[in-house]
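Beneath this line is the structure, given in structure tokens, with notes to follow.
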Amino acid sequence: MNEWIAVGVFAVVAASIPAVMVSASRLLRPSVPEKGKETVYESGEVPTGGTRLNFNIQYYMVALLFVVFDIETVLIFPWTVVYQDAVGAAGLGSALAPMLVFIAVLVVGLGWAWRTGVIRWVSSANTEFNT
Amino acid sequence: MATTPVAVAEWLGYATPPLWLQVVLAAVVSGVVVTVMLTTSALAGPWAKRKITAMFTDRIAINRNGPAGIFTIAADSVRLMSKELIVPDGADRPAFDVAPAILPLSALLGFAVIPMGSGLQLADPEIGLAYVFAVSSIASVGMVVGGYASGNKYSLLGSMRSVAESIAYEIPLVITAASVVLLAGSLRLSDIVAAQQGTLVSLGPIAIPAWYGFLNPFALALFLVASLAEVGRNPFDIGEAPTEIVGGYITEYSSIYFVLFFLGEFLHIFLSAAVLTTLFLGGPAGPGPAWLGIVWFGVKIWAVFLFTQWCRAAVPRVRIDQMLEIGWKGLLVLSFANLVLTAIIVGVIA
């Protein structure tokens with residue numbers, strides 16, 4: 001019996017839940033369009049400017065760092081699965097040392113990011129309310 | 001233990017069931033799993049949340065409709081579904097409609113492989129743990145799409161914050177889970193549960209089970225904190241932060257879309273509780289006969305849920321710079337230390 005058939009069927013059932021809820025709501029809800037309702041919410045003020053604006057670069061730096069570490073977790077998982085057998089077959093040193101080197105390289109990378117301030121949040125210098 | 005569809009097929013006399021039977025059985029079991037989790041997250045979850053918050057803040061919660069006000073939640077869901085759907089001016093239309101469905105879907109998908117005890121487990125693939133992390137991280141896509149498509153500055157800020165948070169805590173979460181895989185030697189969730197069945201130490205009549213939470217409480221603590229941040233609960237609810245940015249990526253969502261976001265969040269809390277239970281608390285293991293498994297599983301995920309509500313009432317929110325520092329400089333380093341130490345200990349013992 002293939003596990004992924006079951007997972008696929010489950011995905012269809014799970015996807016039907018939001019679909020059914022949205023359809024049911026469409027039958028139930030009123031629709032009274034008015035201009036004022038559709039205004040973007042800005043705490044009751046008249047909205048100023050759009051939202052397609054230049055955004056804080058720091059989010060980008062953090063995301064870049066994430067990609068590196070996330071790929072690395074993918075590489076760590078197979079090692080964790082075979083680790084016990086590998087220790088039995090090749091000894092502790094051969095099973096552990098390569099991964100220690102690998103993690104050490106990553107930790108150096110994290111240290112670099114730490115030192116260059118990628119993961120330190122600095123409020124922008126040209127903000128009016130900067131303290 | 002075999003998964004539920006396999007067990008039912010064998011009971012019906014099919015050693016190798018034909019494709020149609022596999023699909024039918026999978027659909028029936030999927031229905032059961034989805035119903036159980038939706039009842040838990042959509043009905044009991046919000047009810048408990050309101051009751052607990054009221055107790056913590058010394059107020060009286062819902063108590064009129066039904067026993068202890070439980071029907072109020074059902075009435076609320078109908079009320080919310082029959083509200084007018086307001087789409088803001090600047091909304092990016094197809095994306096605005098897709099985003100709310102992504103959150104509950106990604107959380108529900110994770111439950112497909114969780115062993116819930118009493119023989120209830122839909123599928124048990126070899127890479128079960130990796131699958132759970134893979135599908136549950138799709139939720140970030142829903143937040144980003146929703147926040148961007150709303151055309152609202154609060155939404156944009158909220159979605160950016162949420163993503164910065166979930167990517168910062170995803171890595172400690174996965175690395176800590178990897179330290180459990182080191183101990184269990186398998187990504188298959190039923191194997192991880194089976195590996196925790198022994199007794200760690202006997203203190204007279206009390207036998208402490210070999211749950212990884214007892215074996216490595218440090219990893220349990222790391223995982224718990226990272227899960228809290230991953231699902232965006234206090235003290236890490238900076239993505240919504242009602243007192244700062246209104247509601248973050250949910251700001252412009254009304255009616256059924258709001259319900260879907262809300263449901264998705266509750267499902268996510270229960271999914272992370274279920275993963276924590278499976279990895280660290282022995283899954284459905286507990287005293288008594290094996291058919292009680294699902295009860296113990298329920299008790300454990302509710303214990304984790306109550307912990308999140310406790311944090312919600314007791315711990316103030318962290319700022320975004322503190323969140324990044326806790327994640328990247330604290331939890332990440334500690335989770336690597338945990339992984340290396342676990343590897344050394346497992347290697348020396350093995």
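Chain labels run A, B, ... following the order of the structure tokens; each chain numbers its residues from 1, and ligands are numbered from 1 in the order shown.
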With only C-alpha atoms as the counted atoms, please give the residues lying no more than 9 Å from range 107-110 of chain A, apart from itself and same-chain residues fewer than 3 positions off, as a PyMOL selection string. (chain A and resi 65+102-104+113-115) or (chain B and resi 328-329+333+336)
Would you save the residues of that selection, restricted to N, CA, C and O atoms, as a CSV table (one decimal), in the first residue's frame?
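Output (out-v6.csv):
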```
chain,number,residue,atom,x,y,z
A,65,LEU,N,20.3,34.8,4.8
A,65,LEU,CA,21.0,33.9,5.8
A,65,LEU,C,20.2,32.6,6.0
A,65,LEU,O,20.7,31.6,6.1
A,102,PHE,N,31.5,20.3,8.8
A,102,PHE,CA,30.5,21.0,8.1
A,102,PHE,C,29.8,22.0,9.0
A,102,PHE,O,29.6,23.2,8.6
A,103,ILE,N,29.5,21.6,10.2
A,103,ILE,CA,28.8,22.6,11.1
A,103,ILE,C,29.7,23.7,11.5
A,103,ILE,O,29.3,24.9,11.6
A,104,ALA,N,31.0,23.4,11.6
A,104,ALA,CA,32.0,24.4,12.0
A,104,ALA,C,32.0,25.5,10.9
A,104,ALA,O,32.1,26.7,11.2
A,113,ALA,N,28.2,36.7,9.9
A,113,ALA,CA,27.0,37.5,9.8
A,113,ALA,C,26.8,38.3,11.1
A,113,ALA,O,26.3,39.4,11.1
A,114,TRP,N,27.1,37.7,12.2
A,114,TRP,CA,27.0,38.3,13.5
A,114,TRP,C,27.9,39.6,13.6
A,114,TRP,O,27.4,40.7,14.0
A,115,ARG,N,29.1,39.4,13.2
A,115,ARG,CA,30.1,40.5,13.3
A,115,ARG,C,29.7,41.7,12.3
A,115,ARG,O,29.9,42.8,12.6
B,328,TRP,N,18.5,34.1,16.2
B,328,TRP,CA,19.8,33.9,15.5
B,328,TRP,C,21.0,33.7,16.5
B,328,TRP,O,21.9,32.9,16.2
B,329,LYS,N,21.0,34.5,17.6
B,329,LYS,CA,22.2,34.4,18.4
B,329,LYS,C,21.9,33.5,19.6
B,329,LYS,O,22.9,33.0,20.2
B,333,VAL,N,22.4,29.0,18.0
B,333,VAL,CA,23.7,28.5,18.6
B,333,VAL,C,23.4,27.3,19.6
B,333,VAL,O,24.1,26.3,19.5
B,336,PHE,N,22.5,24.1,17.8
B,336,PHE,CA,23.7,23.4,17.2
B,336,PHE,C,24.5,22.7,18.3
B,336,PHE,O,24.9,21.6,18.1
```
From the DSSP assignment of the backbone, select every residue of chain A that is helix (DSSP H, G or I), and format the answer as an MDAnalysis selection string. chainID A and resid 3:28 36:38 58:90 92:115
Surrounding residues of range 185-200 of chain B excluding itself and chain neighbours under 3 positions, 7 Å, only C-alpha atoms, as JSON, numbers by chain: {"A": [80, 81, 82, 84], "B": [114, 115, 124, 125, 126, 127, 128, 129, 181, 182, 207, 208, 209, 210, 211, 212, 278, 279, 282, 283]}
Kindly give the distance, in Å, that separates CA of Gly288 in chain B and CA of Ile301 in chain B, rounded to a single decimal.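 Result for CA of Gly288 in chain B versus CA of Ile301 in chain B: 18.2 Å, one decimal.
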Of the candidates B:Ser227, B:Asn65, B:Ser335, B:Gln322, which one gets nearest to Phe307 in chain B if we count only C-alpha atoms? B:Ser227
For Ala112 in chain B, find every residue with an atom within 8 Å (counting only C-alpha atoms), except residues of its own chain fewer than 5 positions away, and show them as a PyMOL selection string. (chain A and resi 7+10) or (chain B and resi 30+33+121-123)
For Ala139 in chain B, the nearest of the candidates B:Leu267, B:Ala74, B:Ala68, B:Val113, counting only C-alpha atoms: B:Leu267
Excluding same-chain residues fewer than 5 positions from Ala285 in chain B, what lies within 9 Å of it counting only C-alpha atoms, as number ranges by chain? B: 117, 193, 196-197, 290, 292-294, 296-297
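Among the candidate residues A:Glu34, A:Asp85, A:Glu45, A:Glu3, the one lying nearest to chain B is A:Glu3, with distances computed using only C-alpha atoms.
Minimum distance to chain A across B:Asn338, B:Thr4, B:Ser82, B:Thr243 (counting only C-alpha atoms) occurs at B:Ser82.
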Interface rows for range 219-329 of chain B against range 38-62 of chain B: nearest pair, Å to one decimal, 9 Å, only C-alpha atoms, as a Markdown table:
```
| residue | atom | partner | partner_atom | distance |
| --- | --- | --- | --- | --- |
| B:Phe262 | CA | B:Ala42 | CA | 8.6 |
| B:Leu263 | CA | B:Ala42 | CA | 6.0 |
| B:Gly264 | CA | B:Ser41 | CA | 8.8 |
| B:Glu265 | CA | B:Ser41 | CA | 8.9 |
| B:Phe266 | CA | B:Ser41 | CA | 5.4 |
| B:Leu267 | CA | B:Ser41 | CA | 5.6 |
| B:His268 | CA | B:Ser41 | CA | 8.9 |
| B:Ile269 | CA | B:Ser41 | CA | 8.5 |
| B:Phe270 | CA | B:Ser41 | CA | 7.0 |
| B:Phe305 | CA | B:Gly45 | CA | 8.4 |
| B:Leu306 | CA | B:Ile52 | CA | 8.3 |
| B:Gln309 | CA | B:Lys49 | CA | 6.7 |
| B:Trp310 | CA | B:Ile52 | CA | 8.1 |
| B:Arg312 | CA | B:Thr53 | CA | 8.3 |
| B:Ala313 | CA | B:Phe56 | CA | 6.4 |
| B:Ala314 | CA | B:Phe56 | CA | 8.3 |
```
Any chance you could export the current selection's C-alpha atoms as a short mmCIF file (atom, residue, chain, number, x, y, z; two decimals), in the first residue's frame?
```
data_model
loop_
_atom_site.label_atom_id
_atom_site.label_comp_id
_atom_site.auth_asym_id
_atom_site.auth_seq_id
_atom_site.Cartn_x
_atom_site.Cartn_y
_atom_site.Cartn_z
CA PHE B 262 -8.08 32.15 12.54
CA LEU B 263 -8.64 28.44 11.92
CA GLY B 264 -5.22 28.13 10.33
CA GLU B 265 -3.57 29.60 13.40
CA PHE B 266 -5.34 27.24 15.77
CA LEU B 267 -4.56 24.27 13.53
CA HIS B 268 -0.93 25.34 13.54
CA ILE B 269 -0.78 25.45 17.31
CA PHE B 270 -2.25 21.96 17.50
CA PHE B 305 -1.93 24.10 24.03
CA LEU B 306 -2.55 25.17 27.62
CA GLN B 309 -2.28 30.04 26.48
CA TRP B 310 -0.39 30.42 29.72
CA ARG B 312 -0.20 34.34 26.12
CA ALA B 313 -1.51 35.56 29.44
CA ALA B 314 1.76 35.80 31.32
#
```
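Taking CA of Thr277 in chain B and CA of Gly232 in chain B as the two end points, the separation is 18.7 Å.
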Between CA of Ser23 in chain A and CA of Met81 in chain B, what is the distance in Å, rounded to a tenth?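 CA of Ser23 in chain A sits 9.9 Å away from CA of Met81 in chain B.
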Which of these, A:Lys35, A:Leu53, A:Val118, A:Leu92, has the shortest distance to chain B once you count only C-alpha atoms? A:Leu92
From A:Pro47, A:Gly93, A:Pro30, A:Gly111, residue lying nearest Arg79 in chain B [only C-alpha atoms]: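 Closest residue, counting only C-alpha atoms: A:Pro30.
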Leaving out Thr48 in chain A and any residue of its chain fewer than 6 positions from it, which residues lie within 12 Å of it when counting only C-alpha atoms, given as a PDB file with C-alpha atoms, in the first residue's frame?
```pdb
ATOM      1  CA  THR A  39     -10.992  52.133   1.927  1.00  0.00           C
ATOM      2  CA  VAL A  40      -7.760  50.641   3.192  1.00  0.00           C
ATOM      3  CA  TYR A  41      -7.673  50.697   6.987  1.00  0.00           C
ATOM      4  CA  GLU A  42      -5.198  53.156   8.411  1.00  0.00           C
TER       5      GLU A  42
ATOM      6  CA  GLY B 151      -2.562  46.641  -0.094  1.00  0.00           C
ATOM      7  CA  ASN B 152      -2.387  47.829   3.502  1.00  0.00           C
ATOM      8  CA  LYS B 153       0.730  49.045   5.273  1.00  0.00           C
TER       9      LYS B 153
END
```
Counting only C-alpha atoms, what is within 8 Å of Ala226 in chain B, bar same-chain residues fewer than 2 positions away, as an mmCIF file with N, CA and C atoms, in the first residue's frame?
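Written output follows (result_31.cif):
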```cif
data_model
loop_
_atom_site.group_PDB
_atom_site.id
_atom_site.type_symbol
_atom_site.label_atom_id
_atom_site.label_comp_id
_atom_site.auth_asym_id
_atom_site.auth_seq_id
_atom_site.Cartn_x
_atom_site.Cartn_y
_atom_site.Cartn_z
ATOM 1 N N TYR B 169 13.171 31.053 13.314
ATOM 2 C CA TYR B 169 12.984 29.974 14.289
ATOM 3 C C TYR B 169 12.795 28.611 13.642
ATOM 4 N N GLU B 170 12.629 28.598 12.327
ATOM 5 C CA GLU B 170 12.506 27.332 11.608
ATOM 6 C C GLU B 170 13.774 26.485 11.788
ATOM 7 N N PRO B 172 16.339 26.539 14.233
ATOM 8 C CA PRO B 172 16.468 25.876 15.543
ATOM 9 C C PRO B 172 15.471 24.741 15.717
ATOM 10 N N LEU B 173 14.248 24.942 15.212
ATOM 11 C CA LEU B 173 13.214 23.908 15.333
ATOM 12 C C LEU B 173 13.652 22.620 14.649
ATOM 13 N N LEU B 222 14.163 23.816 24.002
ATOM 14 C CA LEU B 222 14.473 24.512 22.756
ATOM 15 C C LEU B 222 13.329 24.376 21.766
ATOM 16 N N PHE B 223 12.823 23.149 21.652
ATOM 17 C CA PHE B 223 11.773 22.884 20.668
ATOM 18 C C PHE B 223 10.503 23.642 21.027
ATOM 19 N N LEU B 224 10.214 23.702 22.328
ATOM 20 C CA LEU B 224 9.004 24.377 22.780
ATOM 21 C C LEU B 224 9.061 25.866 22.452
ATOM 22 N N LEU B 228 6.724 27.899 19.705
ATOM 23 C CA LEU B 228 5.933 29.083 20.049
ATOM 24 C C LEU B 228 6.162 30.183 19.022
ATOM 25 N N ALA B 229 7.430 30.385 18.663
ATOM 26 C CA ALA B 229 7.746 31.431 17.701
ATOM 27 C C ALA B 229 7.258 31.050 16.318
ATOM 28 N N GLU B 230 7.368 29.780 15.989
ATOM 29 C CA GLU B 230 6.989 29.315 14.663
ATOM 30 C C GLU B 230 5.504 29.523 14.412
ATOM 31 N N LEU B 331 18.874 30.799 20.197
ATOM 32 C CA LEU B 331 18.360 29.464 19.918
ATOM 33 C C LEU B 331 19.169 28.722 18.868
#
```
